[in-house]
Amino acid sequence: MRQIVQVKPEDAGKRLDRLLAEQLPELTRSAIQNLMRDGCVTLSGAPLRKNAKAAAGGEIWVELPEPKLSEVVPEDIPLDIVYEDADIVVVNKPRGMVVHPAPGNWSGTLVNALLYHCGDSLSGINGEIRPGIVHRIDKDTSGLLVVAKNDRAHQALAQQIQEHAAGRRYYAVVYGAPREDKGTIDAPIARHRLDRKKMAVVEGGREAVTHYEVLERYRGYTYLTFLLETGRTHQIRVHMAHIGHPIIGDPLYGPAKDKWKLGGQCLHAGRLTLTHPSSGERMTFEAPLPAYFTTVLQKLRNQYGEI
């Protein structure tokens, strides 16, 4: 799989391994250096060294080899199928389920379940490890994903996401009280420079835009809904922590001591709108708030009161 990085004028002069780590947050700096060592990072066909400097206007190609697995095994895991036809499957993913196999999570993933449910009827664009996967949500975020059952549907859906034509609405409870009832966070995101498990708002990172609206206010907490223009890793979690209102239960971006003990962030992908790749019909799917989320809201209403 190839990733293409355009060098912006403000990035000229940066070491290429550092620049690529900022622009490709799914890769660590050491992984990028290994790719450069193996000749997988090129400019106009010429391999680049890790200490090379970026030149404005350059187009860097990064060839990502497919991870090697002997087999991704279908598993009979129950799925909450919201909609299915010959082109797409819309799934309401439970909190705690990883989307696709990766180190530490080779089984029990959504892909394992989809392979059992769909057999060979999944797009092959993302290879054997991520068949059908057009977009992802975090392990401990619940909610809706669309899965492609053929390559044509996959390409059409991926284009909608890239062009911001697919609407994704999320719900979360955060600490504190945003000043405005509606707002937009426009802040670039890249890999955290010190903690490689985290993302952060970083100058020169990838564009990230999150729109939010307050649904309910309580003493010390706020219930919000979000619309995404972009889909960066941990985007809502990073943006809300950046403005001082991390999501409750968030183990990476929230406070070290979290009295809610939810086992993960209180974040749910509740609505998905897309254009069907065959019919052209505009379709909207909804998934109700899961039980843990409604329990949190009830406690807030009872103990902290709406304001």
# chains A, B, ... in the order shown; residues from 1 in each chain; ligands from 1

$ closest_atom_pairs --of "range 182-268 of chain A" --to "range 88-102 of chain A" --cutoff "9 Å" --atoms "only C-alpha atoms" --output "tab-separated table"
residue	atom	partner	partner_atom	distance
A:Gly263	CA	A:Gly96	CA	8.7
A:Gly264	CA	A:Arg95	CA	8.1
A:His268	CA	A:Arg95	CA	8.7

$ write_last_selection --atoms "N, CA, C and O atoms" --output "PDB file, in the first residue's frame"
ATOM      1  N   GLY A 263     -13.746   1.865  31.973  1.00  0.00           N
ATOM      2  CA  GLY A 263     -12.978   0.929  31.154  1.00  0.00           C
ATOM      3  C   GLY A 263     -12.753   1.424  29.747  1.00  0.00           C
ATOM      4  O   GLY A 263     -12.409   0.643  28.846  1.00  0.00           O
ATOM      5  N   GLY A 264     -12.935   2.710  29.523  1.00  0.00           N
ATOM      6  CA  GLY A 264     -12.762   3.298  28.194  1.00  0.00           C
ATOM      7  C   GLY A 264     -13.541   4.587  28.095  1.00  0.00           C
ATOM      8  O   GLY A 264     -14.363   4.907  28.961  1.00  0.00           O
ATOM      9  N   HIS A 268     -19.495   7.560  21.528  1.00  0.00           N
ATOM     10  CA  HIS A 268     -20.335   6.661  20.728  1.00  0.00           C
ATOM     11  C   HIS A 268     -20.585   7.258  19.350  1.00  0.00           C
ATOM     12  O   HIS A 268     -20.973   8.426  19.226  1.00  0.00           O
TER      13      HIS A 268
END

$ residues_around --residues "range 22-24 of chain A" --least-positions-apart "6" --cutoff "7 Å" --atoms "only C-alpha atoms" --output "list in words"
Ala190, Arg191, Gly205 and Arg206 of chain A

$ write_last_selection --atoms "N, CA, C and O atoms" --output "mmCIF file, in the first residue's frame"
data_model
loop_
_atom_site.group_PDB
_atom_site.id
_atom_site.type_symbol
_atom_site.label_atom_id
_atom_site.label_comp_id
_atom_site.auth_asym_id
_atom_site.auth_seq_id
_atom_site.Cartn_x
_atom_site.Cartn_y
_atom_site.Cartn_z
ATOM 1 N N ALA A 190 -0.990 15.068 14.805
ATOM 2 C CA ALA A 190 0.096 14.167 14.418
ATOM 3 C C ALA A 190 0.458 13.312 15.630
ATOM 4 O O ALA A 190 -0.071 13.502 16.727
ATOM 5 N N ARG A 191 1.375 12.383 15.424
ATOM 6 C CA ARG A 191 1.834 11.550 16.525
ATOM 7 C C ARG A 191 2.501 12.417 17.592
ATOM 8 O O ARG A 191 3.229 13.351 17.293
ATOM 9 N N GLY A 205 0.976 19.168 11.512
ATOM 10 C CA GLY A 205 0.320 17.869 11.434
ATOM 11 C C GLY A 205 -0.750 17.853 10.355
ATOM 12 O O GLY A 205 -0.909 18.803 9.579
ATOM 13 N N ARG A 206 -1.504 16.774 10.303
ATOM 14 C CA ARG A 206 -2.553 16.634 9.288
ATOM 15 C C ARG A 206 -3.793 17.427 9.711
ATOM 16 O O ARG A 206 -4.162 17.455 10.880
#

$ closest_residue --among "A:Asp80, A:Pro65, A:Glu306, A:Pro74" --to "Leu215 in chain A" --atoms "only C-alpha atoms"
A:Glu306

$ residues_around --residues "range 279-292 of chain A" --least-positions-apart "3" --cutoff "9 Å" --atoms "only C-alpha atoms" --output "ChimeraX atom specification"
/A:82-83,90,92,94-95,142-144,167,171,262,266,268-276,295-297

$ write_last_selection --atoms "N, CA and C atoms" --output "PDB file, in the first residue's frame"
ATOM      1  N   VAL A  82     -26.901  -3.465  11.433  1.00  0.00           N
ATOM      2  CA  VAL A  82     -27.941  -2.445  11.299  1.00  0.00           C
ATOM      3  C   VAL A  82     -28.553  -2.475   9.904  1.00  0.00           C
ATOM      4  N   TYR A  83     -27.714  -2.787   8.908  1.00  0.00           N
ATOM      5  CA  TYR A  83     -28.194  -2.839   7.515  1.00  0.00           C
ATOM      6  C   TYR A  83     -27.222  -3.691   6.714  1.00  0.00           C
ATOM      7  N   VAL A  90     -23.582  -2.351   7.441  1.00  0.00           N
ATOM      8  CA  VAL A  90     -23.433  -1.337   8.473  1.00  0.00           C
ATOM      9  C   VAL A  90     -23.536  -2.035   9.823  1.00  0.00           C
ATOM     10  N   ASN A  92     -23.039  -1.988  14.128  1.00  0.00           N
ATOM     11  CA  ASN A  92     -22.948  -1.243  15.373  1.00  0.00           C
ATOM     12  C   ASN A  92     -21.925  -1.965  16.243  1.00  0.00           C
ATOM     13  N   PRO A  94     -19.552  -2.943  19.262  1.00  0.00           N
ATOM     14  CA  PRO A  94     -19.578  -2.749  20.713  1.00  0.00           C
ATOM     15  C   PRO A  94     -18.258  -2.179  21.217  1.00  0.00           C
ATOM     16  N   ARG A  95     -18.314  -1.517  22.337  1.00  0.00           N
ATOM     17  CA  ARG A  95     -17.095  -1.059  22.991  1.00  0.00           C
ATOM     18  C   ARG A  95     -16.256  -2.266  23.395  1.00  0.00           C
ATOM     19  N   SER A 142     -17.789   2.894  20.872  1.00  0.00           N
ATOM     20  CA  SER A 142     -18.858   2.075  20.305  1.00  0.00           C
ATOM     21  C   SER A 142     -19.477   2.804  19.120  1.00  0.00           C
ATOM     22  N   GLY A 143     -20.223   2.050  18.305  1.00  0.00           N
ATOM     23  CA  GLY A 143     -21.002   2.716  17.277  1.00  0.00           C
ATOM     24  C   GLY A 143     -20.828   2.201  15.862  1.00  0.00           C
ATOM     25  N   LEU A 144     -21.235   3.014  14.905  1.00  0.00           N
ATOM     26  CA  LEU A 144     -21.470   2.594  13.531  1.00  0.00           C
ATOM     27  C   LEU A 144     -20.232   2.656  12.637  1.00  0.00           C
ATOM     28  N   GLY A 167     -21.426  11.677   6.372  1.00  0.00           N
ATOM     29  CA  GLY A 167     -21.596  12.339   7.660  1.00  0.00           C
ATOM     30  C   GLY A 167     -21.461  11.369   8.817  1.00  0.00           C
ATOM     31  N   TYR A 171     -21.298  11.088  19.953  1.00  0.00           N
ATOM     32  CA  TYR A 171     -21.806  11.614  21.210  1.00  0.00           C
ATOM     33  C   TYR A 171     -20.781  11.301  22.304  1.00  0.00           C
ATOM     34  N   LEU A 262     -14.998   3.510  33.747  1.00  0.00           N
ATOM     35  CA  LEU A 262     -15.798   2.975  32.650  1.00  0.00           C
ATOM     36  C   LEU A 262     -15.052   1.928  31.827  1.00  0.00           C
ATOM     37  N   CYS A 266     -16.118   7.542  27.119  1.00  0.00           N
ATOM     38  CA  CYS A 266     -17.573   7.618  26.934  1.00  0.00           C
ATOM     39  C   CYS A 266     -17.843   8.324  25.603  1.00  0.00           C
ATOM     40  N   HIS A 268     -19.495   7.560  21.528  1.00  0.00           N
ATOM     41  CA  HIS A 268     -20.335   6.661  20.728  1.00  0.00           C
ATOM     42  C   HIS A 268     -20.585   7.258  19.350  1.00  0.00           C
ATOM     43  N   ALA A 269     -20.327   6.463  18.307  1.00  0.00           N
ATOM     44  CA  ALA A 269     -20.621   6.872  16.928  1.00  0.00           C
ATOM     45  C   ALA A 269     -22.077   6.523  16.638  1.00  0.00           C
ATOM     46  N   GLY A 270     -22.952   7.494  16.818  1.00  0.00           N
ATOM     47  CA  GLY A 270     -24.375   7.198  16.831  1.00  0.00           C
ATOM     48  C   GLY A 270     -25.119   7.354  15.525  1.00  0.00           C
ATOM     49  N   ARG A 271     -24.536   8.097  14.569  1.00  0.00           N
ATOM     50  CA  ARG A 271     -25.239   8.304  13.293  1.00  0.00           C
ATOM     51  C   ARG A 271     -24.241   8.296  12.149  1.00  0.00           C
ATOM     52  N   LEU A 272     -24.630   7.646  11.058  1.00  0.00           N
ATOM     53  CA  LEU A 272     -23.785   7.567   9.867  1.00  0.00           C
ATOM     54  C   LEU A 272     -24.649   7.841   8.646  1.00  0.00           C
ATOM     55  N   THR A 273     -24.239   8.812   7.838  1.00  0.00           N
ATOM     56  CA  THR A 273     -24.967   9.155   6.611  1.00  0.00           C
ATOM     57  C   THR A 273     -24.031   8.972   5.428  1.00  0.00           C
ATOM     58  N   LEU A 274     -24.523   8.298   4.381  1.00  0.00           N
ATOM     59  CA  LEU A 274     -23.706   8.038   3.194  1.00  0.00           C
ATOM     60  C   LEU A 274     -24.594   7.920   1.966  1.00  0.00           C
ATOM     61  N   THR A 275     -23.962   7.966   0.811  1.00  0.00           N
ATOM     62  CA  THR A 275     -24.653   7.731  -0.454  1.00  0.00           C
ATOM     63  C   THR A 275     -24.375   6.294  -0.877  1.00  0.00           C
ATOM     64  N   HIS A 276     -25.440   5.536  -1.129  1.00  0.00           N
ATOM     65  CA  HIS A 276     -25.252   4.128  -1.464  1.00  0.00           C
ATOM     66  C   HIS A 276     -24.449   4.008  -2.761  1.00  0.00           C
ATOM     67  N   THR A 295     -26.407   4.993  31.397  1.00  0.00           N
ATOM     68  CA  THR A 295     -26.225   4.959  32.855  1.00  0.00           C
ATOM     69  C   THR A 295     -25.463   6.187  33.330  1.00  0.00           C
ATOM     70  N   VAL A 296     -24.418   6.568  32.585  1.00  0.00           N
ATOM     71  CA  VAL A 296     -23.659   7.775  32.924  1.00  0.00           C
ATOM     72  C   VAL A 296     -24.563   8.999  32.884  1.00  0.00           C
ATOM     73  N   LEU A 297     -25.360   9.137  31.832  1.00  0.00           N
ATOM     74  CA  LEU A 297     -26.251  10.294  31.714  1.00  0.00           C
ATOM     75  C   LEU A 297     -27.255  10.337  32.858  1.00  0.00           C
TER      76      LEU A 297
END

$ residues_around --residues "Thr230 in chain A" --least-positions-apart "3" --cutoff "10 Å" --atoms "only C-alpha atoms" --output "PyMOL selection string"
chain A and resi 161-164+168+206-210+227+233+235

$ residues_around --residues "range 117-131 of chain A" --least-positions-apart "5" --cutoff "8 Å" --atoms "only C-alpha atoms" --output "PyMOL selection string"
chain A and resi 66-67+69+72+76+100-101+111+147-151+153-154

$ closest_residue --among "A:His242, A:Arg37, A:Arg217, A:Arg29" --to "Gly176 in chain A" --atoms "only C-alpha atoms"
A:Arg217

$ residues_around --residues "Gln6 in chain A" --least-positions-apart "2" --cutoff "12 Å" --atoms "only C-alpha atoms" --output "ChimeraX atom specification"
/A:3-4,8-12,16,19-20,23-24,43,54-62,204,206

$ atom_distance --atom1 "CA of Leu145 in chain A" --atom2 "CA of Leu224 in chain A"
20.1 Å

$ residues_around --residues "Val73 in chain A" --least-positions-apart "4" --cutoff "8 Å" --atoms "only C-alpha atoms" --output "list in words"
Ser107, Asn112 and Leu115 of chain A

$ write_last_selection --atoms "C-alpha atoms" --output "PDB file, in the first residue's frame"
ATOM      1  CA  SER A 107      -8.445 -12.672  17.169  1.00  0.00           C
ATOM      2  CA  ASN A 112     -12.728 -12.037  12.297  1.00  0.00           C
ATOM      3  CA  LEU A 115     -15.179 -13.122   7.683  1.00  0.00           C
TER       4      LEU A 115
END

$ select_by_dssp --residues "range 91-269 of chain A" --states "helix (DSSP H, G or I)" --output "VMD selection string"
chain A and resid 110 to 118 151 to 162 235 to 242
